[in-house]
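The file input-v9.txt contains compact mmCIF, C-alpha atoms:
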# COMPACT_ATOMS: atom_id res chain seq x y z
CA MET A 260 7.75 -18.30 4.28
CA ASN A 261 10.20 -18.99 7.08
CA TYR A 262 12.60 -16.94 9.05
CA PHE A 263 15.88 -16.54 7.30
CA GLU A 264 17.70 -19.10 9.47
CA ASP A 265 15.12 -21.73 8.62
CA LEU A 266 15.54 -21.42 4.87
CA LYS A 267 17.61 -24.01 3.07
CA VAL A 268 19.23 -23.82 -0.32
CA GLY A 269 17.46 -26.13 -2.70
CA GLU A 270 14.15 -25.97 -0.85
CA ARG A 271 11.43 -26.15 -3.44
CA VAL A 272 7.84 -24.98 -3.23
CA VAL A 273 5.04 -25.16 -5.77
CA LEU A 274 3.49 -21.71 -5.52
CA GLY A 275 0.40 -21.87 -7.68
CA SER A 276 -0.90 -21.60 -11.22
CA TYR A 277 -2.15 -18.94 -13.60
CA THR A 278 -4.08 -19.49 -16.80
CA PHE A 279 -3.40 -17.23 -19.75
CA THR A 280 -6.48 -16.51 -21.84
CA ALA A 281 -6.85 -14.54 -25.07
CA GLU A 282 -8.66 -11.89 -23.00
CA ASN A 283 -6.07 -11.44 -20.28
CA ILE A 284 -3.17 -11.68 -22.75
CA LYS A 285 -4.65 -8.91 -24.89
CA ALA A 286 -5.77 -6.78 -21.93
CA PHE A 287 -2.28 -6.77 -20.43
CA ALA A 288 -0.61 -6.16 -23.78
CA GLN A 289 -2.92 -3.35 -24.85
CA GLN A 290 -1.93 -1.50 -21.71
CA TYR A 291 1.75 -2.37 -21.43
CA ASP A 292 3.19 -4.22 -24.44
CA PRO A 293 1.13 -3.58 -27.58
CA GLN A 294 3.37 -5.46 -29.99
CA SER A 295 1.23 -7.09 -32.67
CA PHE A 296 1.92 -10.69 -31.60
CA HIS A 297 0.49 -9.89 -28.14
CA VAL A 298 -2.65 -7.99 -29.17
CA ASP A 299 -3.80 -9.30 -32.54
CA GLU A 300 -4.45 -12.99 -33.32
CA GLU A 301 -4.26 -12.47 -37.06
CA ALA A 302 -0.97 -10.57 -37.00
CA ALA A 303 0.41 -13.08 -34.50
CA LYS A 304 -0.27 -15.95 -36.92
CA HIS A 305 2.07 -14.31 -39.41
CA SER A 306 4.76 -13.55 -36.82
CA HIS A 307 7.54 -15.97 -35.93
CA PHE A 308 5.52 -16.94 -32.82
CA GLY A 309 2.78 -18.39 -35.04
CA ALA A 310 -0.07 -17.48 -32.68
CA LEU A 311 -1.10 -14.97 -30.03
CA CYS A 312 1.29 -15.18 -27.09
CA ALA A 313 1.57 -13.42 -23.74
CA SER A 314 3.93 -10.53 -23.10
CA GLY A 315 6.92 -11.76 -21.14
CA TRP A 316 6.09 -9.11 -18.55
CA HIS A 317 2.64 -10.61 -18.20
CA THR A 318 4.20 -14.00 -17.40
CA ALA A 319 6.49 -12.29 -14.87
CA ALA A 320 3.64 -10.32 -13.28
CA ALA A 321 1.64 -13.55 -12.99
CA ALA A 322 4.61 -15.07 -11.15
CA MET A 323 4.39 -12.22 -8.64
CA ARG A 324 0.68 -12.87 -8.22
CA VAL A 325 1.18 -16.51 -7.32
CA ILE A 326 4.08 -15.64 -5.00
CA VAL A 327 2.00 -13.05 -3.11
CA LEU A 328 -1.04 -15.31 -2.83
CA PHE A 329 1.15 -18.19 -1.69
CA ASN A 330 2.77 -16.04 1.00
CA GLN A 331 -0.61 -14.78 2.18
CA ARG A 332 -1.90 -18.33 2.57
CA ASP A 333 1.29 -19.39 4.29
CA LEU A 334 1.31 -16.47 6.74
CA ALA A 335 -2.37 -16.98 7.54
CA ALA A 336 -1.68 -20.64 8.32
CA ARG A 337 1.18 -19.65 10.62
CA LYS A 338 -0.99 -17.18 12.51
CA GLU A 339 -3.67 -19.85 12.79
CA ARG A 340 -1.15 -22.18 14.40
CA GLY A 341 -0.10 -19.40 16.75
CA GLU A 342 3.41 -19.17 15.29
CA ARG A 343 5.45 -16.03 15.03
CA VAL A 344 5.26 -14.53 11.57
CA PRO A 345 8.41 -13.27 9.88
CA LYS A 346 8.50 -9.90 8.20
CA ILE A 347 9.26 -9.95 4.53
CA GLY A 348 11.18 -7.04 3.09
CA THR A 349 10.77 -5.55 -0.37
CA SER A 350 12.89 -6.91 -3.17
CA PRO A 351 15.71 -4.84 -4.64
CA GLY A 352 15.52 -6.58 -7.99
CA VAL A 353 15.58 -9.54 -10.29
CA ARG A 354 18.28 -11.30 -12.19
CA ASP A 355 18.46 -13.77 -15.06
CA LEU A 356 14.86 -13.53 -16.13
CA ARG A 357 14.51 -15.91 -19.07
CA TRP A 358 11.52 -16.28 -21.29
CA VAL A 359 12.32 -19.81 -22.24
CA LYS A 360 9.41 -20.39 -24.57
CA PRO A 361 6.31 -18.51 -25.61
CA VAL A 362 3.15 -18.74 -23.51
CA TYR A 363 0.10 -19.17 -25.70
CA VAL A 364 -3.66 -18.86 -25.18
CA ASP A 365 -5.03 -21.35 -22.63
CA ASP A 366 -1.60 -22.28 -21.28
CA CYS A 367 -1.84 -22.89 -17.55
CA ILE A 368 1.52 -22.12 -16.00
CA THR A 369 2.46 -23.59 -12.65
CA TYR A 370 5.11 -21.60 -10.84
CA ALA A 371 7.51 -23.21 -8.44
CA SER A 372 10.31 -21.64 -6.48
CA GLU A 373 13.57 -22.91 -5.19
CA ILE A 374 15.91 -21.21 -2.73
CA HIS A 375 18.93 -20.50 -4.82
CA GLU A 376 21.29 -18.91 -2.36
CA LEU A 377 21.31 -17.37 1.09
CA ARG A 378 23.37 -14.58 2.44
CA ALA A 379 23.14 -12.19 5.32
CA GLY A 380 21.84 -8.75 4.45
CA ARG A 381 23.34 -5.40 5.22
CA ARG A 382 20.69 -4.81 7.84
CA PRO A 383 21.22 -7.27 10.68
CA GLU A 384 17.53 -8.13 10.94
CA PHE A 385 17.29 -9.20 7.33
CA GLY A 386 18.87 -11.94 5.35
CA ARG A 387 18.80 -12.06 1.60
CA TRP A 388 17.72 -15.01 -0.34
CA SER A 389 16.88 -15.41 -3.95
CA ARG A 390 14.13 -17.51 -5.31
CA MET A 391 14.55 -19.11 -8.64
CA SER A 392 11.25 -19.87 -10.21
CA PRO A 393 11.29 -22.45 -12.92
CA ALA A 394 7.80 -22.95 -14.28
CA PRO A 395 6.77 -26.39 -15.34
CA ILE A 396 3.88 -26.10 -17.75
CA ARG A 397 2.19 -28.70 -19.87
CA MET A 398 4.58 -31.60 -20.34
CA ALA A 399 6.72 -30.20 -17.56
CA SER A 400 8.70 -27.94 -19.87
CA SER A 401 9.56 -24.49 -18.61
CA SER A 402 8.56 -21.20 -20.10
CA ILE A 403 9.90 -18.71 -17.63
CA ARG A 404 12.71 -18.69 -15.11
CA LEU A 405 13.74 -15.90 -12.86
CA LYS A 406 15.63 -15.13 -9.73
CA VAL A 407 13.92 -12.72 -7.40
CA LEU A 408 15.98 -11.35 -4.60
CA CYS A 409 13.88 -11.49 -1.44
CA LEU A 410 14.43 -10.37 2.10
CA SER A 411 13.26 -12.45 5.03
CA ASN A 412 13.96 -11.37 8.55
CA ALA A 413 16.08 -13.21 11.03
CA GLY A 414 14.08 -14.91 13.74
CA HIS A 415 16.11 -13.92 16.75
CA PRO A 416 17.85 -10.58 16.97
CA ASP A 417 20.80 -12.18 18.75
CA HIS A 418 21.11 -15.02 16.31
CA PRO A 419 24.55 -14.97 14.67
CA THR A 420 22.97 -14.74 11.25
CA ASN A 421 25.81 -12.80 9.75
CA ARG A 422 28.36 -15.38 10.74
CA SER A 423 26.37 -18.51 10.12
CA CYS A 424 25.29 -17.79 6.58
CA ARG A 425 27.33 -18.54 3.60
CA ILE A 426 26.54 -18.88 -0.02
CA LEU A 427 26.20 -22.49 -0.82
CA ARG A 428 25.68 -22.16 -4.51
CA SER A 429 26.37 -19.08 -6.53
CA GLY A 430 24.35 -17.83 -9.46
CA GLY A 431 25.35 -17.23 -13.05
CA PRO A 432 27.86 -14.68 -14.26
CA VAL A 433 27.32 -11.13 -13.09
CA PRO A 434 26.93 -8.61 -15.93
CA SER A 435 30.26 -7.04 -16.66
CA PHE A 436 28.92 -3.49 -16.72
CA ARG A 437 27.59 -1.52 -13.82
CA LEU A 438 24.01 -0.49 -13.70
CA GLY A 439 22.20 2.50 -12.41
CA SER A 440 23.25 5.62 -10.70
CA ARG A 441 24.30 4.11 -7.42
CA GLY A 442 27.29 2.30 -8.79
CA THR A 443 26.98 -0.75 -6.58
CA PRO A 444 25.77 -3.95 -8.18
CA ALA A 445 22.78 -5.47 -6.41
CA TRP A 446 24.40 -8.85 -6.62
CA THR A 447 28.07 -9.12 -5.97
CA PRO A 448 29.93 -12.22 -7.12
CA SER A 449 30.37 -14.71 -4.34
CA SER A 450 33.69 -16.23 -3.48
CA MET B 77 5.43 -0.89 -41.74
CA ALA B 78 8.59 -1.62 -39.79
CA LYS B 79 11.13 1.16 -40.03
CA LEU B 80 13.96 0.10 -37.77
CA TYR B 81 15.91 -3.10 -38.32
CA TRP B 82 18.83 -4.63 -36.45
CA GLU B 83 21.27 -2.82 -38.73
CA ASP B 84 19.94 0.53 -37.51
CA PHE B 85 21.24 -0.04 -33.98
CA SER B 86 24.81 0.49 -32.88
CA ALA B 87 26.65 0.63 -29.56
CA GLY B 88 26.51 4.00 -27.86
CA GLN B 89 23.18 5.14 -29.28
CA ILE B 90 20.84 6.62 -26.71
CA ILE B 91 17.13 6.31 -27.34
CA ASP B 92 14.64 8.63 -25.67
CA CYS B 93 11.60 6.67 -24.55
CA GLY B 94 9.43 9.66 -23.68
CA ARG B 95 7.54 10.37 -20.49
CA ARG B 96 4.59 8.92 -18.67
CA LEU B 97 2.47 9.99 -15.73
CA VAL B 98 1.63 7.34 -13.13
CA SER B 99 -1.75 7.54 -11.42
CA ALA B 100 -2.92 6.06 -8.12
CA ASP B 101 -5.72 4.25 -9.97
CA GLU B 102 -3.27 2.59 -12.33
CA ILE B 103 -1.03 1.51 -9.44
CA LYS B 104 -3.97 -0.02 -7.59
CA GLN B 105 -5.42 -1.66 -10.66
CA PHE B 106 -2.16 -3.41 -11.53
CA ALA B 107 -1.60 -4.45 -7.93
CA ALA B 108 -5.08 -5.90 -7.50
CA GLU B 109 -4.36 -8.21 -10.39
CA PHE B 110 -0.69 -9.02 -9.97
CA ASP B 111 0.79 -7.83 -6.67
CA PRO B 112 -1.92 -7.51 -4.02
CA GLN B 113 0.21 -6.22 -1.15
CA PRO B 114 -0.94 -3.34 1.11
CA MET B 115 1.66 -0.81 -0.07
CA HIS B 116 0.40 -1.17 -3.65
CA LEU B 117 -3.34 -1.41 -3.01
CA ASP B 118 -4.56 1.19 -0.60
CA GLU B 119 -3.33 4.62 0.53
CA ASP B 120 -4.24 4.15 4.19
CA ALA B 121 -2.81 0.67 4.47
CA ALA B 122 0.30 1.81 2.59
CA ARG B 123 0.97 4.58 5.10
CA ALA B 124 1.40 1.94 7.81
CA THR B 125 4.08 0.10 5.80
CA PRO B 126 7.78 1.02 5.52
CA ALA B 127 6.91 2.51 2.11
CA GLY B 128 5.06 5.30 3.95
CA GLY B 129 2.45 5.63 1.22
CA LEU B 130 1.16 4.08 -1.96
CA ILE B 131 3.93 2.84 -4.25
CA ALA B 132 3.81 0.99 -7.55
CA SER B 133 4.64 -2.70 -7.72
CA GLY B 134 8.11 -3.19 -9.12
CA TRP B 135 6.58 -5.38 -11.79
CA HIS B 136 4.24 -2.55 -12.67
CA THR B 137 7.24 -0.27 -13.12
CA CYS B 138 8.73 -2.90 -15.45
CA ALA B 139 5.47 -3.03 -17.39
CA ILE B 140 5.37 0.77 -17.64
CA LEU B 141 8.93 0.76 -18.95
CA MET B 142 7.94 -1.86 -21.51
CA ARG B 143 5.15 0.44 -22.71
CA MET B 144 7.55 3.38 -22.92
CA ILE B 145 10.00 1.25 -24.91
CA ALA B 146 7.17 0.13 -27.21
CA ASP B 147 6.04 3.70 -27.83
CA GLY B 148 9.61 4.99 -27.91
CA PHE B 149 10.81 2.85 -30.80
CA LEU B 150 9.87 -0.80 -30.61
CA LEU B 151 6.49 -0.53 -32.35
CA GLU B 152 8.31 1.14 -35.22
CA SER B 153 10.89 -1.59 -35.38
CA ALA B 154 11.04 -5.16 -36.65
CA SER B 155 10.96 -6.58 -33.13
CA MET B 156 11.05 -10.32 -32.69
CA GLY B 157 10.68 -10.31 -28.94
CA ALA B 158 13.28 -10.84 -26.24
CA PRO B 159 14.82 -13.95 -24.72
CA GLY B 160 14.88 -12.40 -21.27
CA VAL B 161 16.28 -9.78 -18.98
CA ASP B 162 19.69 -10.00 -17.32
CA GLU B 163 18.91 -7.74 -14.44
CA VAL B 164 16.25 -5.43 -13.08
CA ARG B 165 16.96 -3.16 -10.16
CA TRP B 166 14.23 -1.34 -8.33
CA LEU B 167 16.24 1.58 -7.00
CA ALA B 168 13.58 3.93 -5.70
CA PRO B 169 9.82 3.76 -5.21
CA VAL B 170 7.41 5.02 -7.87
CA ARG B 171 4.52 6.96 -6.36
CA PRO B 172 1.22 8.34 -7.66
CA GLY B 173 1.73 11.52 -9.65
CA ASP B 174 5.29 10.63 -10.61
CA GLU B 175 6.22 11.66 -14.12
CA LEU B 176 8.62 9.07 -15.41
CA THR B 177 11.09 9.42 -18.23
CA ALA B 178 13.16 6.63 -19.70
CA ARG B 179 16.11 6.21 -21.97
CA GLY B 180 17.74 3.22 -23.54
CA THR B 181 21.44 2.91 -24.27
CA VAL B 182 22.63 0.44 -26.87
CA LEU B 183 25.46 -1.49 -25.23
CA ALA B 184 26.28 -3.88 -28.07
CA THR B 185 24.86 -5.49 -31.17
CA ARG B 186 25.66 -8.88 -32.63
CA ALA B 187 24.35 -11.13 -35.35
CA SER B 188 22.66 -14.35 -34.36
CA ARG B 189 24.91 -17.35 -34.88
CA SER B 190 22.06 -19.72 -35.54
CA ARG B 191 19.43 -17.56 -37.23
CA PRO B 192 20.54 -15.48 -40.22
CA GLU B 193 17.31 -13.47 -40.24
CA LEU B 194 17.80 -11.90 -36.83
CA GLY B 195 20.25 -9.90 -34.80
CA LEU B 196 20.58 -9.17 -31.11
CA VAL B 197 20.78 -5.80 -29.42
CA SER B 198 21.90 -5.49 -25.78
CA MET B 199 20.25 -2.56 -24.06
CA LEU B 200 20.50 -0.78 -20.77
CA TYR B 201 17.33 1.08 -19.83
CA GLU B 202 17.18 3.67 -17.11
CA MET B 203 14.00 5.21 -15.76
CA PHE B 204 13.89 8.45 -13.82
CA ASN B 205 11.25 10.33 -11.86
CA GLN B 206 10.54 14.07 -12.09
CA SER B 207 13.29 14.79 -9.53
CA GLY B 208 15.86 13.04 -11.69
CA THR B 209 16.15 10.07 -9.34
CA CYS B 210 16.83 6.82 -11.13
CA VAL B 211 13.97 4.51 -10.08
CA LEU B 212 14.76 1.49 -12.20
CA THR B 213 17.48 0.03 -14.38
CA GLU B 214 17.03 -2.91 -16.68
CA SER B 215 19.56 -4.67 -18.84
CA CYS B 216 18.23 -6.95 -21.52
CA THR B 217 18.73 -8.32 -24.98
CA GLN B 218 16.25 -7.70 -27.77
CA MET B 219 15.84 -9.64 -30.98
CA LEU B 220 15.33 -7.68 -34.17
CA GLU B 221 14.83 -8.75 -37.72
CA ARG B 222 17.68 -7.96 -40.10
CA ARG B 223 17.06 -5.82 -43.13
CA GLU B 224 19.40 -8.10 -45.04
CA PRO B 225 19.59 -11.67 -43.74
CA ALA B 226 23.17 -12.82 -43.31
CA THR B 227 24.47 -14.89 -46.21
CA ALA B 228 26.73 -17.87 -45.61
CA ALA B 229 29.74 -15.87 -46.84
CA LYS B 230 28.93 -12.84 -44.67
CA ALA B 231 28.26 -15.03 -41.68
CA ALA B 232 31.59 -16.81 -42.16
CA SER B 233 33.52 -13.55 -42.36
CA ALA B 234 31.68 -11.99 -39.41
Now, as a test, write the supplied structure out as structure tokens.
Amino acid sequence: MNYFEDLKVGERVVLGSYTFTAENIKAFAQQYDPQSFHVDEEAAKHSHFGALCASGWHTAAAAMRVIVLFNQRDLAARKERGERVPKIGTSPGVRDLRWVKPVYVDDCITYASEIHELRAGRRPEFGRWSRMSPAPIRMASSSIRLKVLCLSNAGHPDHPTNRSCRILRSGGPVPSFRLGSRGTPAWTPSS
Amino acid sequence: MAKLYWEDFSAGQIIDCGRRLVSADEIKQFAAEFDPQPMHLDEDAARATPAGGLIASGWHTCAILMRMIADGFLLESASMGAPGVDEVRWLAPVRPGDELTARGTVLATRASRSRPELGLVSMLYEMFNQSGTCVLTESCTQMLERREPATAAKAASA
């Protein structure tokens, strides 16, 4: 992962893969999403999915796993080369998570990310960027897409990050209702 | 046997999704598998991060909410899954020992245009800790089977 100023909209990275097995699908679902089509092969056959399939939250959690492992490899490589390593902030949320198609037993999902938009954060040392992760699987079709809002810090404290950044491509429509108790949408529409 | 169908949901309903205690072991177990960052994995390492102590992965919080939704009403309903989630906001950290409560508000319901056997329910979920702080909000659409599939005439008049 780069410093905020080095990120470019449209930049695409293949993050890694995760294989869904009957065991890990059922283990996740028994703990967090015990709907019959996620925990019971026989019941799943009779559901509209037609076979055991992973909880959508399992496919999202697996995306986080490949993101974290990718970042760890990337940061280690930077340290190895003697480069400065940017701090990465925690994410305030996710938008437009789409479970495009079911993930079945033995599907190996490859997650890729693309920088979707860049904007300066409220804290001068951080810029916000969102990663959109389409996931080509077998036959390059996608089964999950999501936008994760990430924070990456600006490389130079005196860099005019706030002035130089603009949103090059805006996301989809913002939900028309307000969420949560804080009253401020995490993503404000760009103009 | 499914008890709740799409017809049983209407805008404005608030559904109590119960409570759930979060343990340090559960936080670490989830993180080891899906989000192996220091603030989710180890108390000592977490203290050195901006989190100031062990906190749950945001994805773990989402998974916990899913379980609370399942136990709250979804396992007793004719659920057909969900196409996705419009937005998740991680508003405050979830820490070991937190007792979480959750509620779902039905924002809108609509029949599927293409599939007469199912209907869609838009939900806003809010999760709170024991101090009443909202830790997570999630807006999503759920697909539920209809008790009575739409007929051509009903669909046309709808």
**OP:** For the point (2.0, -18.2, 0.3) in the file's frame, write as a list in words all residues with an atom no more than 12 Å away, counting only C-alpha atoms.
**Re:** Met260, Asn261, Val272, Val273, Leu274, Gly275, Met323, Arg324, Val325, Ile326, Val327, Leu328, Phe329, Asn330, Gln331, Arg332, Asp333, Leu334, Ala335, Ala336, Arg337, Ile347, Ala371 and Ser372 of chain A
Subject >> For Phe287 (chain A), the nearest of the candidates B:Met115, B:Ile90, B:Met142, B:Ala127, counting all atoms listed in the file >> reply: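 Checking each of B:Met115, B:Ile90, B:Met142, B:Ala127 against Phe287 (chain A), counting all atoms listed in the file, the winner is B:Met142.
Across A:Arg354, A:Gln290, A:Phe296, A:Glu264, the tightest approach to chain B is made by A:Arg354 when counting all atoms listed in the file.
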Using all atoms listed in the file, select each residue of chain B with any atom at most 6 Å away from an atom of chain A, and give the selection as a PDB file with C-alpha atoms, in the frame of the given file.
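Result went into result_8.pdb, see below:
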ATOM      1  CA  PHE B 110      -0.690  -9.020  -9.970  1.00  0.00           C
ATOM      2  CA  ASP B 111       0.790  -7.830  -6.670  1.00  0.00           C
ATOM      3  CA  TRP B 135       6.580  -5.380 -11.790  1.00  0.00           C
ATOM      4  CA  ALA B 139       5.470  -3.030 -17.390  1.00  0.00           C
ATOM      5  CA  ARG B 143       5.150   0.440 -22.710  1.00  0.00           C
ATOM      6  CA  PRO B 159      14.820 -13.950 -24.720  1.00  0.00           C
ATOM      7  CA  GLY B 160      14.880 -12.400 -21.270  1.00  0.00           C
ATOM      8  CA  VAL B 161      16.280  -9.780 -18.980  1.00  0.00           C
ATOM      9  CA  ASP B 162      19.690 -10.000 -17.320  1.00  0.00           C
ATOM     10  CA  GLU B 163      18.910  -7.740 -14.440  1.00  0.00           C
ATOM     11  CA  VAL B 164      16.250  -5.430 -13.080  1.00  0.00           C
ATOM     12  CA  ARG B 165      16.960  -3.160 -10.160  1.00  0.00           C
ATOM     13  CA  TRP B 166      14.230  -1.340  -8.330  1.00  0.00           C
ATOM     14  CA  THR B 213      17.480   0.030 -14.380  1.00  0.00           C
TER      15      THR B 213
END
Subject >> Polymer residues at most 9 Å from Glu202 (chain B), all atoms listed in the file, same-chain spacing of 6 or more positions, as a list in words >> reply: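 Residues meeting the cut-off are Leu438 and Gly439 of chain A; Leu141, Thr177, Ala178, Arg179, Gly180, Thr181, Cys210, Val211, Leu212, Thr213, Glu214 and Ser215 of chain B.
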